[in-house]
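**Q** Below are the structure tokens for one structure; questions will follow.
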Amino acid sequence: MSTSPDESTRAGDQQVLTGIGVSPGRASGVLVAMPDALPEPPVGASLGATDDADAAAERIAAASAAVRRDLEQAATRASGTGREILETTAMMAADPTLVKAAQRLVRTDRIDPARAVWQAASVVIDQLKSLGGYMAERTGDVADVRGRIVAVLTGRPAPGVPDPGHPFVLLAVDLAPADTATLDPARVVAIITSEGGPTSHTAIIARSLGIPAVVGAAGVTSLTAGTLVLVDGAAGTVTLDPTDAQLARAAELAARVRTFDGTGRTSDGHLVPLLANIGKPAGAQAAADAGAEGVGLFRTEFCFLDRAQAPTIDEQVEQYRQVLAAFAGKKVVVRTLDAGADKPLPFLTNTDEPNPALGVRGLRTSTRNPEILDDQLTAIARAAEAESADVWVMAPMVSTVAETEEFVGRCHAHGLMTAGVMVEVPSAALQSGPILARAQFASIGTNDLTQYAMAADRLLGDLAVLSTSWQPAVLQLIAATCRGGAQQGRPVGVCGEAAADPALAVVLVGLGVATLSMSTPALPDVAAVLASVSADECRQLAELALTAESADGARAAVRAHLPVLDELGL
């Protein structure tokens with residue numbers, strides 16, 4: 001029996017709250033809540049009659065610079081996605097537009113600096129909200145930066161994850177990106193939020209760090225700090241006052257250390273290469289050391305973000321070679337620039353689009369700026385020549401056969417002969433046959449495919465119940481893509497978050513998916529569950545999921561036939 005995210009049940013005398021499990025594992029600890037947000041500075045707060053407005057305005061610039069330095073320092077202690085988030089937030093903290101707008105309020109209207117920063121940031125937040133979609137999601141980033149600058153100006157502690165001096169379960173409405181990036185698994189043993197979804201920053205970082213997490217759990221913010229809870233990040237449950245037996249079981253599971261031997265396979269020997277998703281060169285060696293059989297998604301956006309102009313070919317070659325060198329002799333799938341939507345670039349994309357998620361993003365940006373793609377393909381080709389990795393290249397946001405044909409031709413012109421496409425929109429899934437008659441492979445991005453299939457913003461917490469790849473309609477699109485691949489003798493992989501769900505990974509293999517690419521910490525769990533079932537059992541479980549009428553029904557039906565999940569604490 002499945003439960004909806006806002007249900008609360010009782011097992012004996014225990015209360016169990018249910019949300020969306022986004023990072024598997026079980027952990028127990030006392031609840032510690034995120035501190036309240038900084039209060040809004042009083043409306044009308046102004047400078048004193050003798051205060052120097054210019055000096056007050058300069059305090060804003062100094063506070064902004066201090067926040068940037070703190071975030072950059074924190075970034076040096078983080079890695080992977082966490083470091084990327086902190087670096088991006090640091091850039092936002094020093095945004096000259098925000099700083100100058102606040103300084104103008106101080107100089108012209110003699111508004112108190114803290115109040116001026118609050119007002120200037122509020123204008124930006126309102127503008128982002130009006131754009132909707134991905135841009136609206138960035139309001140949390142701006143609010144976080146605003147709070148940090150105001151904290152410096154008022155002498156208050158900066159917002160952030162608390163440190164009670166002992167391991168704890170973190171409780172929050174939601175977490176700002178910079179907060180998620182500073183999470184320490186040695187202190188934060190589990191996370192519970194009342195908002196957020198499967199592809200939120202909280203979910204992605206929790207998975208990358210191996211911290212059990214439940215999001216979208218209504219009612220949890222009313223829980224009392226200091227309460228002992230047991231969090232099951234696979235089942236999506238929060239059990240209050242767990243028994244000694246439940247605590248012992250959770251401790252036993254947490255003590256187990258699983259590793260990946262470097263060969264993904266089912267119990268009857270059907271090979272399923274397990275690959276890693278890489279966001280920056282720094283994560284490549286860690287993935288290789290963990291046994292990843294290659295890279296199924298190398299995101300190249302890191303080269304382009306926070307720049308006024310595109311990187312040079314030489315700059316790109318240097319960065320790409322670091323990843324290729326870590327996987328000598330192995331497959332590395334390089335995704336060309338996925339700009340637009342939540343990754344706007346001033347030299348490439350239009351930030352005034354009313355709906356960026358449906359706008360000029362991914363491969364579509366090359367229509368107006370073909371030189372950006374040509375330079376990138378040149379850089380990838382040069383990096384491939386200098387290293388021994390088996391380099392594949394794919395384009396994001398491909399919607400038509402014509403787009404596929406053009407991209408493949410451009411890759412071949414640069415000597416990149418293994419050219420493929422991302423399947424992220426339903427049209428590509430339904431046209432996978434003719435698309436794969438042109439492309440050498442396809443990789444399904446389940447996050448966006450789910451978003452577009454369900455008409456649900458994948459970053460909007462209110463729609464989290466729709467934003468899961470367990471939705472039968474999404475599984476049908478994945479199956480259609482695999483049929484198209486089989487018709488043309490082309491491999492189809494999955495590089496979205498769905499591949500990191502061990503139970504869903506079994507279903508994907510049963511649908512015909514050839515390779516699975518995921519965050520590095522997910523490799524051992526996915527390998528262990530795959531090794532417990534045969535290829536035929538994968539196909540049977542896929543059929544169960546396809547014929548279900550709901551995402552909860554599909555997930556429950558499959559999990560009921562995988563007792564290994566309970567044995568492993570997944």
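Letters A, B, ... go to the chains of the structure tokens in the order shown; residues in each chain start at 1; ligands are counted from 1 in the same order.
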Quick one: residues within 12 Å of Arg256 (chain A), only C-alpha atoms, excluding same-chain residues fewer than 4 positions away - as a list of chain:residue names?

**A**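 Within the cut-off, the hits are A:Gly25, A:Arg26, A:Arg249, A:Ala250, A:Ala251, A:Glu252, A:Pro524, A:Asp525, A:Glu567, A:Leu568, A:Gly569.
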
**Q** Pick out the residues sitting within 12 Å of Ile204 (chain A), and hand them over as a ChimeraX atom specification; count only C-alpha atoms, and ignore anything fewer than 5 positions along from it in its own chain.

**A** /A:21-24,80-82,85,175,177,180-181,196-199,209-215,277,447,459,496-498,500,518-522

**Q** Write the residues you've just listed into a file as a short mmCIF file (atom, residue, chain, number, x, y, z; two decimals), in the first residue's frame, and include N, CA and C atoms for each of them.

**A**
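To be explicit, this is the file written out as selection06.cif:
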```cif
data_model
loop_
_atom_site.label_atom_id
_atom_site.label_comp_id
_atom_site.auth_asym_id
_atom_site.auth_seq_id
_atom_site.Cartn_x
_atom_site.Cartn_y
_atom_site.Cartn_z
N GLY A 21 10.75 10.19 -0.51
CA GLY A 21 12.12 9.74 -0.27
C GLY A 21 12.99 10.08 -1.46
N VAL A 22 14.03 10.87 -1.25
CA VAL A 22 14.87 11.31 -2.37
C VAL A 22 16.32 10.87 -2.26
N SER A 23 16.71 10.34 -1.09
CA SER A 23 18.07 9.84 -0.92
C SER A 23 17.99 8.65 0.02
N PRO A 24 18.28 7.43 -0.47
CA PRO A 24 18.04 6.23 0.32
C PRO A 24 18.96 6.10 1.52
N GLY A 80 32.57 18.79 -5.98
CA GLY A 80 31.47 18.42 -6.88
C GLY A 80 30.40 19.49 -6.97
N THR A 81 29.14 19.03 -6.88
CA THR A 81 28.00 19.94 -7.02
C THR A 81 27.99 20.99 -5.92
N GLY A 82 28.41 20.60 -4.71
CA GLY A 82 28.44 21.55 -3.60
C GLY A 82 29.34 22.72 -3.87
N ILE A 85 27.74 25.05 -6.49
CA ILE A 85 26.66 25.88 -5.94
C ILE A 85 27.23 27.04 -5.15
N LEU A 175 15.90 24.09 2.03
CA LEU A 175 17.27 24.56 2.22
C LEU A 175 17.70 25.41 1.04
N PRO A 177 20.36 26.80 -1.64
CA PRO A 177 21.46 26.07 -2.30
C PRO A 177 22.77 26.14 -1.54
N THR A 180 22.74 23.72 1.39
CA THR A 180 22.90 22.32 1.02
C THR A 180 24.36 22.02 0.68
N ALA A 181 25.04 23.01 0.11
CA ALA A 181 26.43 22.80 -0.31
C ALA A 181 27.39 22.67 0.85
N GLY A 196 10.01 21.17 -1.35
CA GLY A 196 11.02 20.58 -2.21
C GLY A 196 10.52 19.35 -2.93
N GLY A 197 11.28 18.93 -3.94
CA GLY A 197 10.90 17.78 -4.75
C GLY A 197 12.10 16.92 -5.06
N PRO A 198 11.90 15.87 -5.88
CA PRO A 198 12.97 14.91 -6.17
C PRO A 198 14.18 15.51 -6.88
N THR A 199 14.01 16.65 -7.55
CA THR A 199 15.14 17.23 -8.27
C THR A 199 15.55 18.59 -7.69
N LEU A 209 25.98 13.19 -1.33
CA LEU A 209 26.70 13.01 -0.07
C LEU A 209 26.32 11.72 0.65
N GLY A 210 25.28 11.04 0.15
CA GLY A 210 24.84 9.82 0.80
C GLY A 210 24.08 10.06 2.10
N ILE A 211 23.43 11.22 2.22
CA ILE A 211 22.65 11.54 3.42
C ILE A 211 21.19 11.16 3.19
N PRO A 212 20.60 10.27 4.00
CA PRO A 212 19.18 9.95 3.83
C PRO A 212 18.34 11.22 3.92
N ALA A 213 17.36 11.34 3.02
CA ALA A 213 16.57 12.57 2.99
C ALA A 213 15.13 12.29 2.57
N VAL A 214 14.20 13.01 3.22
CA VAL A 214 12.78 12.98 2.89
C VAL A 214 12.35 14.43 2.69
N VAL A 215 11.77 14.75 1.53
CA VAL A 215 11.32 16.11 1.26
C VAL A 215 9.81 16.10 1.06
N ASN A 277 27.88 10.52 -13.55
CA ASN A 277 27.56 11.87 -14.01
C ASN A 277 28.61 12.81 -13.42
N ASN A 447 14.93 13.76 -15.73
CA ASN A 447 14.41 14.92 -15.01
C ASN A 447 13.56 15.79 -15.93
N LEU A 459 11.21 21.85 -10.40
CA LEU A 459 11.76 22.49 -9.22
C LEU A 459 10.68 23.06 -8.30
N GLY A 496 19.61 10.56 -16.17
CA GLY A 496 18.87 11.39 -15.23
C GLY A 496 18.91 10.80 -13.84
N GLU A 497 18.28 11.49 -12.88
CA GLU A 497 18.29 11.05 -11.49
C GLU A 497 17.64 9.68 -11.31
N ALA A 498 16.80 9.28 -12.24
CA ALA A 498 16.12 7.98 -12.12
C ALA A 498 17.11 6.83 -12.05
N ALA A 500 19.76 6.59 -10.45
CA ALA A 500 20.33 6.43 -9.12
C ALA A 500 19.37 5.76 -8.15
N MET A 518 24.91 7.88 -13.15
CA MET A 518 24.38 8.40 -11.89
C MET A 518 25.45 9.13 -11.10
N SER A 519 25.06 9.72 -9.97
CA SER A 519 26.04 10.32 -9.07
C SER A 519 26.89 9.19 -8.48
N THR A 520 28.14 9.48 -8.21
CA THR A 520 29.10 8.45 -7.79
C THR A 520 28.65 7.65 -6.57
N PRO A 521 28.11 8.28 -5.49
CA PRO A 521 27.73 7.49 -4.31
C PRO A 521 26.65 6.44 -4.57
N ALA A 522 25.88 6.59 -5.66
CA ALA A 522 24.79 5.66 -5.94
C ALA A 522 25.27 4.35 -6.57
#
```

**Q** Rank nothing, just name the residue among A:Pro491, A:Gly147, A:Gly445, A:Pro426 nearest to Ala473 (chain A), using only C-alpha atoms.

**A**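 Ranking A:Pro491, A:Gly147, A:Gly445, A:Pro426 by distance to Ala473 (chain A), first place goes to A:Pro426.
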
**Q** Identify which of the residues A:Leu171, A:Leu373, A:Leu562, A:Ala66 lies closest to Pro311 (chain A), counting only C-alpha atoms when measuring atom-to-atom distances.

**A**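 Closest residue, counting only C-alpha atoms: A:Leu373.
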
**Q** So that I can check the secondary structure, give me every residue of region 312-467 of chain A assigned strand (DSSP E) by backbone DSSP, as a PyMOL selection string.

**A** chain A and resi 331-335+390-395+419-423+441-444

**Q** I'd like to know which of A:Tyr320, A:Phe260, A:Phe407, A:Phe302 is closest to Ala381 (chain A), using only C-alpha atoms.

**A** A:Tyr320

**Q** Pick out the residues sitting within 12 Å of Ala528 (chain A), and hand them over as a ChimeraX atom specification; count only C-alpha atoms, and ignore anything fewer than 3 positions along from it in its own chain.

**A** /A:257-267,274,501-503,505-506,522-525,531-533,562,564-565,567-570

**Q** Using the chain letters and numbers from this document, which residues of region 298-479 of chain A does DSSP assign to alpha helix (DSSP H), as number ranges by chain?

**A** A: 313-326, 370-386, 401-413, 426-430, 432-438, 446-454, 472-479

**Q** Please identify all polymer residues within 9 Å of Pro157 (chain A), counting only C-alpha atoms, omitting same-chain residues fewer than 5 positions from it, and present them as a PyMOL selection string.

**A** chain A and resi 148+151-152
